[in-house]
>>> print(open('coords.pdb').read())   # PDB, C-alpha atoms
ATOM      1  CA  MET N   1     -44.254   5.344-132.152  1.00  0.00           C
ATOM      2  CA  ARG N   2     -44.491   4.842-135.891  1.00  0.00           C
ATOM      3  CA  ASP N   3     -42.037   4.805-138.771  1.00  0.00           C
ATOM      4  CA  ASN N   4     -40.654   8.157-139.806  1.00  0.00           C
ATOM      5  CA  GLU N   5     -40.901   9.577-143.317  1.00  0.00           C
ATOM      6  CA  VAL N   6     -37.825  10.025-145.506  1.00  0.00           C
ATOM      7  CA  TRP N   7     -38.102  13.814-145.057  1.00  0.00           C
ATOM      8  CA  LEU N   8     -37.923  15.688-141.740  1.00  0.00           C
ATOM      9  CA  CYS N   9     -41.227  15.972-139.877  1.00  0.00           C
ATOM     10  CA  GLN N  10     -42.415  17.451-136.615  1.00  0.00           C
ATOM     11  CA  GLY N  11     -42.417  14.660-134.057  1.00  0.00           C
ATOM     12  CA  ASP N  12     -39.454  12.767-135.513  1.00  0.00           C
ATOM     13  CA  ILE N  13     -37.613  10.916-132.757  1.00  0.00           C
ATOM     14  CA  PHE N  14     -33.825  10.907-133.027  1.00  0.00           C
ATOM     15  CA  GLU N  15     -31.845   8.240-131.235  1.00  0.00           C
ATOM     16  CA  SER N  16     -28.728  10.405-131.115  1.00  0.00           C
ATOM     17  CA  ALA N  17     -29.045  14.114-131.791  1.00  0.00           C
ATOM     18  CA  PRO N  18     -27.061  17.030-130.393  1.00  0.00           C
ATOM     19  CA  VAL N  19     -28.404  17.751-126.897  1.00  0.00           C
ATOM     20  CA  LEU N  20     -27.654  21.018-125.127  1.00  0.00           C
ATOM     21  CA  ASP N  21     -27.383  20.903-121.345  1.00  0.00           C
ATOM     22  CA  VAL N  22     -27.345  24.084-119.234  1.00  0.00           C
ATOM     23  CA  GLN N  23     -26.596  23.922-115.500  1.00  0.00           C
ATOM     24  CA  VAL N  24     -25.936  26.520-112.810  1.00  0.00           C
ATOM     25  CA  ASP N  25     -22.617  26.066-111.007  1.00  0.00           C
ATOM     26  CA  PRO N  26     -22.225  26.654-107.233  1.00  0.00           C
ATOM     27  CA  ALA N  27     -21.037  30.224-107.881  1.00  0.00           C
ATOM     28  CA  GLY N  28     -24.196  31.025-109.831  1.00  0.00           C
ATOM     29  CA  GLY N  29     -22.597  30.922-113.283  1.00  0.00           C
ATOM     30  CA  LEU N  30     -23.823  28.936-116.223  1.00  0.00           C
ATOM     31  CA  VAL N  31     -22.149  25.765-117.366  1.00  0.00           C
ATOM     32  CA  THR N  32     -23.123  24.449-120.784  1.00  0.00           C
ATOM     33  CA  SER N  33     -22.266  21.194-122.454  1.00  0.00           C
ATOM     34  CA  LEU N  34     -23.139  19.635-125.755  1.00  0.00           C
ATOM     35  CA  GLY N  35     -23.619  15.906-125.922  1.00  0.00           C
ATOM     36  CA  TYR N  36     -25.652  13.468-127.959  1.00  0.00           C
ATOM     37  CA  GLY N  37     -28.798  11.668-126.964  1.00  0.00           C
ATOM     38  CA  PRO N  38     -32.417  11.024-127.858  1.00  0.00           C
ATOM     39  CA  ALA N  39     -34.495  14.032-128.887  1.00  0.00           C
ATOM     40  CA  VAL N  40     -37.800  14.976-130.537  1.00  0.00           C
ATOM     41  CA  LEU N  41     -38.007  17.432-133.433  1.00  0.00           C
ATOM     42  CA  LEU N  42     -40.411  20.252-132.482  1.00  0.00           C
ATOM     43  CA  THR N  43     -40.174  22.416-135.616  1.00  0.00           C
ATOM     44  CA  HIS N  44     -43.487  22.467-137.484  1.00  0.00           C
ATOM     45  CA  ASP N  45     -43.576  20.852-140.931  1.00  0.00           C
ATOM     46  CA  CYS N  46     -44.586  24.113-142.631  1.00  0.00           C
ATOM     47  CA  ALA N  47     -41.309  25.688-141.461  1.00  0.00           C
ATOM     48  CA  MET N  48     -39.323  22.890-143.106  1.00  0.00           C
ATOM     49  CA  ASP N  49     -40.997  22.762-146.531  1.00  0.00           C
ATOM     50  CA  LYS N  50     -39.910  26.192-147.767  1.00  0.00           C
ATOM     51  CA  ALA N  51     -37.036  26.641-150.206  1.00  0.00           C
ATOM     52  CA  GLU N  52     -34.809  29.567-151.123  1.00  0.00           C
ATOM     53  CA  PRO N  53     -34.817  30.678-154.792  1.00  0.00           C
ATOM     54  CA  ASP N  54     -31.735  28.496-155.351  1.00  0.00           C
ATOM     55  CA  GLY N  55     -33.625  25.425-154.104  1.00  0.00           C
ATOM     56  CA  SER N  56     -31.838  25.138-150.748  1.00  0.00           C
ATOM     57  CA  PRO N  57     -33.880  24.877-147.513  1.00  0.00           C
ATOM     58  CA  LYS N  58     -35.106  28.209-146.153  1.00  0.00           C
ATOM     59  CA  ALA N  59     -35.054  27.033-142.518  1.00  0.00           C
ATOM     60  CA  GLU N  60     -31.750  27.775-140.805  1.00  0.00           C
ATOM     61  CA  ARG N  61     -32.281  25.870-137.570  1.00  0.00           C
ATOM     62  CA  LEU N  62     -34.497  23.173-136.105  1.00  0.00           C
ATOM     63  CA  GLN N  63     -36.014  23.174-132.631  1.00  0.00           C
ATOM     64  CA  PHE N  64     -35.643  20.073-130.465  1.00  0.00           C
ATOM     65  CA  ALA N  65     -36.567  18.860-126.996  1.00  0.00           C
ATOM     66  CA  ARG N  66     -34.513  16.245-125.229  1.00  0.00           C
ATOM     67  CA  LEU N  67     -36.306  12.909-124.950  1.00  0.00           C
ATOM     68  CA  ARG N  68     -36.062  12.017-121.291  1.00  0.00           C
ATOM     69  CA  ILE N  69     -36.453   8.505-119.938  1.00  0.00           C
ATOM     70  CA  ALA N  70     -39.296   8.726-117.428  1.00  0.00           C
ATOM     71  CA  SER N  71     -37.793   6.389-114.821  1.00  0.00           C
ATOM     72  CA  ARG N  72     -34.678   8.614-114.645  1.00  0.00           C
ATOM     73  CA  THR N  73     -36.507  11.944-114.744  1.00  0.00           C
ATOM     74  CA  VAL N  74     -39.632  11.885-112.599  1.00  0.00           C
ATOM     75  CA  THR N  75     -40.741  10.109-109.436  1.00  0.00           C
ATOM     76  CA  THR N  76     -43.081   7.128-109.567  1.00  0.00           C
ATOM     77  CA  VAL N  77     -45.928   9.317-108.305  1.00  0.00           C
ATOM     78  CA  GLN N  78     -45.254  11.936-111.004  1.00  0.00           C
ATOM     79  CA  ALA N  79     -44.983   9.229-113.665  1.00  0.00           C
ATOM     80  CA  ASN N  80     -48.322   7.730-112.629  1.00  0.00           C
ATOM     81  CA  ASP N  81     -49.959  11.172-112.771  1.00  0.00           C
ATOM     82  CA  LEU N  82     -48.502  11.985-116.194  1.00  0.00           C
ATOM     83  CA  ARG N  83     -49.321   8.532-117.537  1.00  0.00           C
ATOM     84  CA  GLY N  84     -52.922   9.014-116.429  1.00  0.00           C
ATOM     85  CA  ARG N  85     -53.106  12.364-118.233  1.00  0.00           C
ATOM     86  CA  ARG N  86     -51.156  11.373-121.362  1.00  0.00           C
ATOM     87  CA  GLY N  87     -53.945  12.278-123.805  1.00  0.00           C
ATOM     88  CA  LYS N  88     -54.858  15.547-122.110  1.00  0.00           C
ATOM     89  CA  THR N  89     -53.476  19.016-122.774  1.00  0.00           C
ATOM     90  CA  GLY N  90     -52.558  19.588-119.118  1.00  0.00           C
ATOM     91  CA  PRO N  91     -49.967  19.885-117.855  1.00  0.00           C
ATOM     92  CA  PHE N  92     -48.952  22.046-120.824  1.00  0.00           C
ATOM     93  CA  GLU N  93     -45.212  21.767-120.196  1.00  0.00           C
ATOM     94  CA  VAL N  94     -44.911  17.976-120.534  1.00  0.00           C
ATOM     95  CA  LEU N  95     -45.671  15.493-123.300  1.00  0.00           C
ATOM     96  CA  TRP N  96     -45.733  11.880-122.069  1.00  0.00           C
ATOM     97  CA  ILE N  97     -44.602   9.402-124.732  1.00  0.00           C
ATOM     98  CA  SER N  98     -45.276   5.721-124.097  1.00  0.00           C
ATOM     99  CA  ASP N  99     -43.031   2.887-125.202  1.00  0.00           C
ATOM    100  CA  VAL N 100     -40.173   4.441-127.136  1.00  0.00           C
ATOM    101  CA  ARG N 101     -38.024   1.429-127.941  1.00  0.00           C
ATOM    102  CA  PRO N 102     -35.399   0.837-126.584  1.00  0.00           C
ATOM    103  CA  PHE N 103     -35.911   3.505-123.885  1.00  0.00           C
ATOM    104  CA  GLY N 104     -39.380   2.635-122.565  1.00  0.00           C
ATOM    105  CA  GLU N 105     -41.681   5.371-121.283  1.00  0.00           C
ATOM    106  CA  CYS N 106     -40.351   8.852-122.027  1.00  0.00           C
ATOM    107  CA  LEU N 107     -41.341  12.492-121.855  1.00  0.00           C
ATOM    108  CA  ILE N 108     -40.275  15.851-123.188  1.00  0.00           C
ATOM    109  CA  PHE N 109     -40.383  19.231-121.491  1.00  0.00           C
ATOM    110  CA  LEU N 110     -41.496  22.127-123.682  1.00  0.00           C
ATOM    111  CA  SER N 111     -39.731  24.448-121.232  1.00  0.00           C
ATOM    112  CA  ASP N 112     -36.361  23.033-122.330  1.00  0.00           C
ATOM    113  CA  PRO N 113     -36.102  23.534-126.105  1.00  0.00           C
ATOM    114  CA  TYR N 114     -32.887  24.121-127.996  1.00  0.00           C
ATOM    115  CA  PHE N 115     -31.894  24.658-131.610  1.00  0.00           C
ATOM    116  CA  VAL N 116     -29.604  22.814-134.017  1.00  0.00           C
ATOM    117  CA  PRO N 117     -28.493  24.359-137.325  1.00  0.00           C
ATOM    118  CA  LEU N 118     -30.210  22.620-140.240  1.00  0.00           C
ATOM    119  CA  SER N 119     -26.799  22.461-141.916  1.00  0.00           C
ATOM    120  CA  TYR N 120     -25.814  19.796-139.338  1.00  0.00           C
ATOM    121  CA  PHE N 121     -28.148  17.459-141.237  1.00  0.00           C
ATOM    122  CA  ASP N 122     -26.933  18.614-144.679  1.00  0.00           C
ATOM    123  CA  ALA N 123     -30.593  18.810-145.686  1.00  0.00           C
ATOM    124  CA  ALA N 124     -31.666  19.148-149.292  1.00  0.00           C
ATOM    125  CA  MET N 125     -35.088  19.996-150.656  1.00  0.00           C
ATOM    126  CA  VAL N 126     -36.393  16.882-152.417  1.00  0.00           C
ATOM    127  CA  GLN N 127     -39.628  16.546-154.364  1.00  0.00           C
ATOM    128  CA  TYR N 128     -41.601  13.416-153.444  1.00  0.00           C
ATOM    129  CA  ASN N 129     -44.694  12.016-155.132  1.00  0.00           C
ATOM    130  CA  VAL N 130     -46.986  12.923-152.227  1.00  0.00           C
ATOM    131  CA  THR N 131     -50.452  14.455-152.339  1.00  0.00           C
ATOM    132  CA  GLU N 132     -51.506  16.882-149.603  1.00  0.00           C
ATOM    133  CA  ALA N 133     -54.846  16.560-147.778  1.00  0.00           C
ATOM    134  CA  ASP N 134     -56.311  19.216-150.113  1.00  0.00           C
ATOM    135  CA  GLY N 135     -55.473  17.060-153.162  1.00  0.00           C
ATOM    136  CA  ASN N 136     -52.580  19.206-154.369  1.00  0.00           C
ATOM    137  CA  PRO N 137     -49.064  17.811-154.858  1.00  0.00           C
ATOM    138  CA  SER N 138     -46.758  18.512-151.947  1.00  0.00           C
ATOM    139  CA  ALA N 139     -43.927  21.002-152.037  1.00  0.00           C
ATOM    140  CA  PRO N 140     -40.344  19.733-151.870  1.00  0.00           C
ATOM    141  CA  ARG N 141     -39.415  18.552-148.384  1.00  0.00           C
ATOM    142  CA  ALA N 142     -36.262  19.019-146.307  1.00  0.00           C
ATOM    143  CA  THR N 143     -34.474  15.675-146.376  1.00  0.00           C
ATOM    144  CA  PRO N 144     -31.393  14.935-144.257  1.00  0.00           C
ATOM    145  CA  ARG N 145     -28.263  13.648-145.992  1.00  0.00           C
ATOM    146  CA  ALA N 146     -26.096  13.460-142.853  1.00  0.00           C
ATOM    147  CA  ASN N 147     -26.463  12.705-139.132  1.00  0.00           C
ATOM    148  CA  ASP N 148     -29.865  11.098-139.648  1.00  0.00           C
ATOM    149  CA  THR N 149     -30.395   8.966-136.539  1.00  0.00           C
ATOM    150  CA  ARG N 150     -34.195   8.999-136.605  1.00  0.00           C
ATOM    151  CA  MET N 151     -35.717   5.882-135.128  1.00  0.00           C
ATOM    152  CA  GLY N 152     -39.379   6.729-135.598  1.00  0.00           C
ATOM    153  CA  ARG N 153     -41.996   9.391-135.194  1.00  0.00           C
ATOM    154  CA  LEU N 154     -44.719  10.276-132.738  1.00  0.00           C
ATOM    155  CA  GLU N 155     -48.164   8.934-133.598  1.00  0.00           C
ATOM    156  CA  GLU N 156     -50.456  11.401-135.388  1.00  0.00           C
ATOM    157  CA  GLY N 157     -52.574  11.937-132.246  1.00  0.00           C
ATOM    158  CA  GLN N 158     -49.430  12.652-130.218  1.00  0.00           C
ATOM    159  CA  ILE N 159     -48.326  15.233-132.799  1.00  0.00           C
ATOM    160  CA  ASP N 160     -51.747  16.908-132.596  1.00  0.00           C
ATOM    161  CA  LEU N 161     -51.421  16.935-128.800  1.00  0.00           C
ATOM    162  CA  LEU N 162     -47.855  18.284-129.045  1.00  0.00           C
ATOM    163  CA  ARG N 163     -49.124  21.199-131.166  1.00  0.00           C
ATOM    164  CA  LEU N 164     -51.893  21.965-128.666  1.00  0.00           C
ATOM    165  CA  LYS N 165     -49.485  21.783-125.746  1.00  0.00           C
ATOM    166  CA  MET N 166     -46.960  24.051-127.506  1.00  0.00           C
ATOM    167  CA  LEU N 167     -49.687  26.594-128.206  1.00  0.00           C
ATOM    168  CA  ALA N 168     -50.937  26.461-124.623  1.00  0.00           C
ATOM    169  CA  PHE N 169     -47.479  26.455-123.049  1.00  0.00           C
ATOM    170  CA  TRP N 170     -46.152  29.467-124.967  1.00  0.00           C
ATOM    171  CA  THR N 171     -49.339  31.571-125.033  1.00  0.00           C
ATOM    172  CA  ARG N 172     -51.010  30.360-121.807  1.00  0.00           C
ATOM    173  CA  LEU N 173     -54.252  30.193-123.786  1.00  0.00           C
ATOM    174  CA  LYS N 174     -56.314  27.111-123.033  1.00  0.00           C
ATOM    175  CA  PRO N 175     -56.855  25.164-126.282  1.00  0.00           C
ATOM    176  CA  SER N 176     -60.467  24.934-127.400  1.00  0.00           C
ATOM    177  CA  THR N 177     -59.721  21.795-129.408  1.00  0.00           C
ATOM    178  CA  THR N 178     -59.868  18.336-127.877  1.00  0.00           C
ATOM    179  CA  PRO N 179     -56.757  16.276-128.662  1.00  0.00           C
ATOM    180  CA  THR N 180     -57.154  12.993-130.520  1.00  0.00           C
ATOM    181  CA  ALA N 181     -54.333  11.181-128.669  1.00  0.00           C
TER     182      ALA N 181
END
>>> encode(input="coords.pdb", output="structure tokens")
Amino acid sequence: MRDNEVWLCQGDIFESAPVLDVQVDPAGGLVTSLGYGPAVLLTHDCAMDKAEPDGSPKAERLQFARLRIASRTVTTVQANDLRGRRGKTGPFEVLWISDVRPFGECLIFLSDPYFVPLSYFDAAMVQYNVTEADGNPSAPRATPRANDTRMGRLEEGQIDLLRLKMLAFWTRLKPSTTPTA
């Protein structure tokens, strides 16, 4: 885990974000609840750096996955398997995240995403003095002004792996790129 930027970025780790829980009750109906807990921002950066003509953020909602503490979520055998495959694209559904302080080893399931309105974060488009990889100045970036509980961000290699896993999970196409994580 590394420090997060001032603006919102894919892979940001929130200590306390809205978390949607959906269960099936004994009668077969759905029971939903909204709580707060750790989560990872899944929305790609390019979806968060667009502005409306009035300068407000174009994105209406952000996609998250609940950050699950491994010791409470998977068996020891499963944890050992996932830990051993942490830099690999398979299994596509799970991203293993080592040492998220104060939670320890964690994971996210790409099969369990949910959305939060961007307005919850009262985001504004702010211009920063940042140069893109191509040498051009960056566009304004969505910057939260409320409910910002970010505690860090995934490492760059983990973000690359997250992107490959998302592509593979949703399309079932095996990535031809080798992750750098």
>>> residues_around(input="coords.pdb", residues="stretch 130-141 of chain N", least_positions_apart="6", cutoff="8 Å", atoms="only C-alpha atoms", output="MDAnalysis selection string")
chainID N and resid 7:8 48:51 124
>>> resolve_selection(input="coords.pdb", expression="the PyMOL selection byres ((chain N and resi 116) around 6)", output="PyMOL selection string")
chain N and resi 61-62+115+117
>>> closest_residue(input="coords.pdb", among="N:Met151, N:Ala39, N:Met166, N:Val6", to="N:Ile69", atoms="all atoms listed in the file")
N:Ala39
>>> atom_distance(input="coords.pdb", atom1="atom CA of N:Ser71", atom2="atom CA of N:Gln10")
24.9 Å
>>> resolve_selection(input="coords.pdb", expression="the PyMOL selection byres ((chain N and resi 83) around 12)", output="list in words")
Ala70, Val74, Thr75, Thr76, Val77, Gln78, Ala79, Asn80, Asp81, Leu82, Gly84, Arg85, Arg86, Gly87, Lys88, Gly90, Pro91, Val94, Leu95, Trp96, Ile97, Ser98, Asp99, Glu105, Cys106 and Leu107 of chain N
>>> closest_residue(input="coords.pdb", among="N:Val31, N:Met1, N:Ile108, N:Leu41", to="N:Ala17", atoms="all atoms listed in the file")
N:Leu41
>>> atom_distance(input="coords.pdb", atom1="atom CA of N:Phe64", atom2="atom CA of N:Ser176")
25.5 Å
>>> resolve_selection(input="coords.pdb", expression="the PyMOL selection byres ((chain N and resi 21) around 7)", output="JSON, numbers by chain")
{"N": [19, 20, 22, 23, 32, 33, 34]}
>>> write_last_selection(input="coords.pdb", atoms="C-alpha atoms", output="tab-separated table (two decimals), keeping the file's coordinate frame")
chain	number	residue	atom	x	y	z
N	19	VAL	CA	-28.40	17.75	-126.90
N	20	LEU	CA	-27.65	21.02	-125.13
N	22	VAL	CA	-27.34	24.08	-119.23
N	23	GLN	CA	-26.60	23.92	-115.50
N	32	THR	CA	-23.12	24.45	-120.78
N	33	SER	CA	-22.27	21.19	-122.45
N	34	LEU	CA	-23.14	19.64	-125.76
>>> closest_residue(input="coords.pdb", among="N:Phe103, N:Phe92, N:Tyr120, N:Tyr36", to="N:Asn147", atoms="all atoms listed in the file")
N:Tyr120
>>> residues_around(input="coords.pdb", residues="N:Trp170", least_positions_apart="3", cutoff="9 Å", atoms="all atoms listed in the file", output="ChimeraX atom specification")
/N:92,110-111,165-167,173
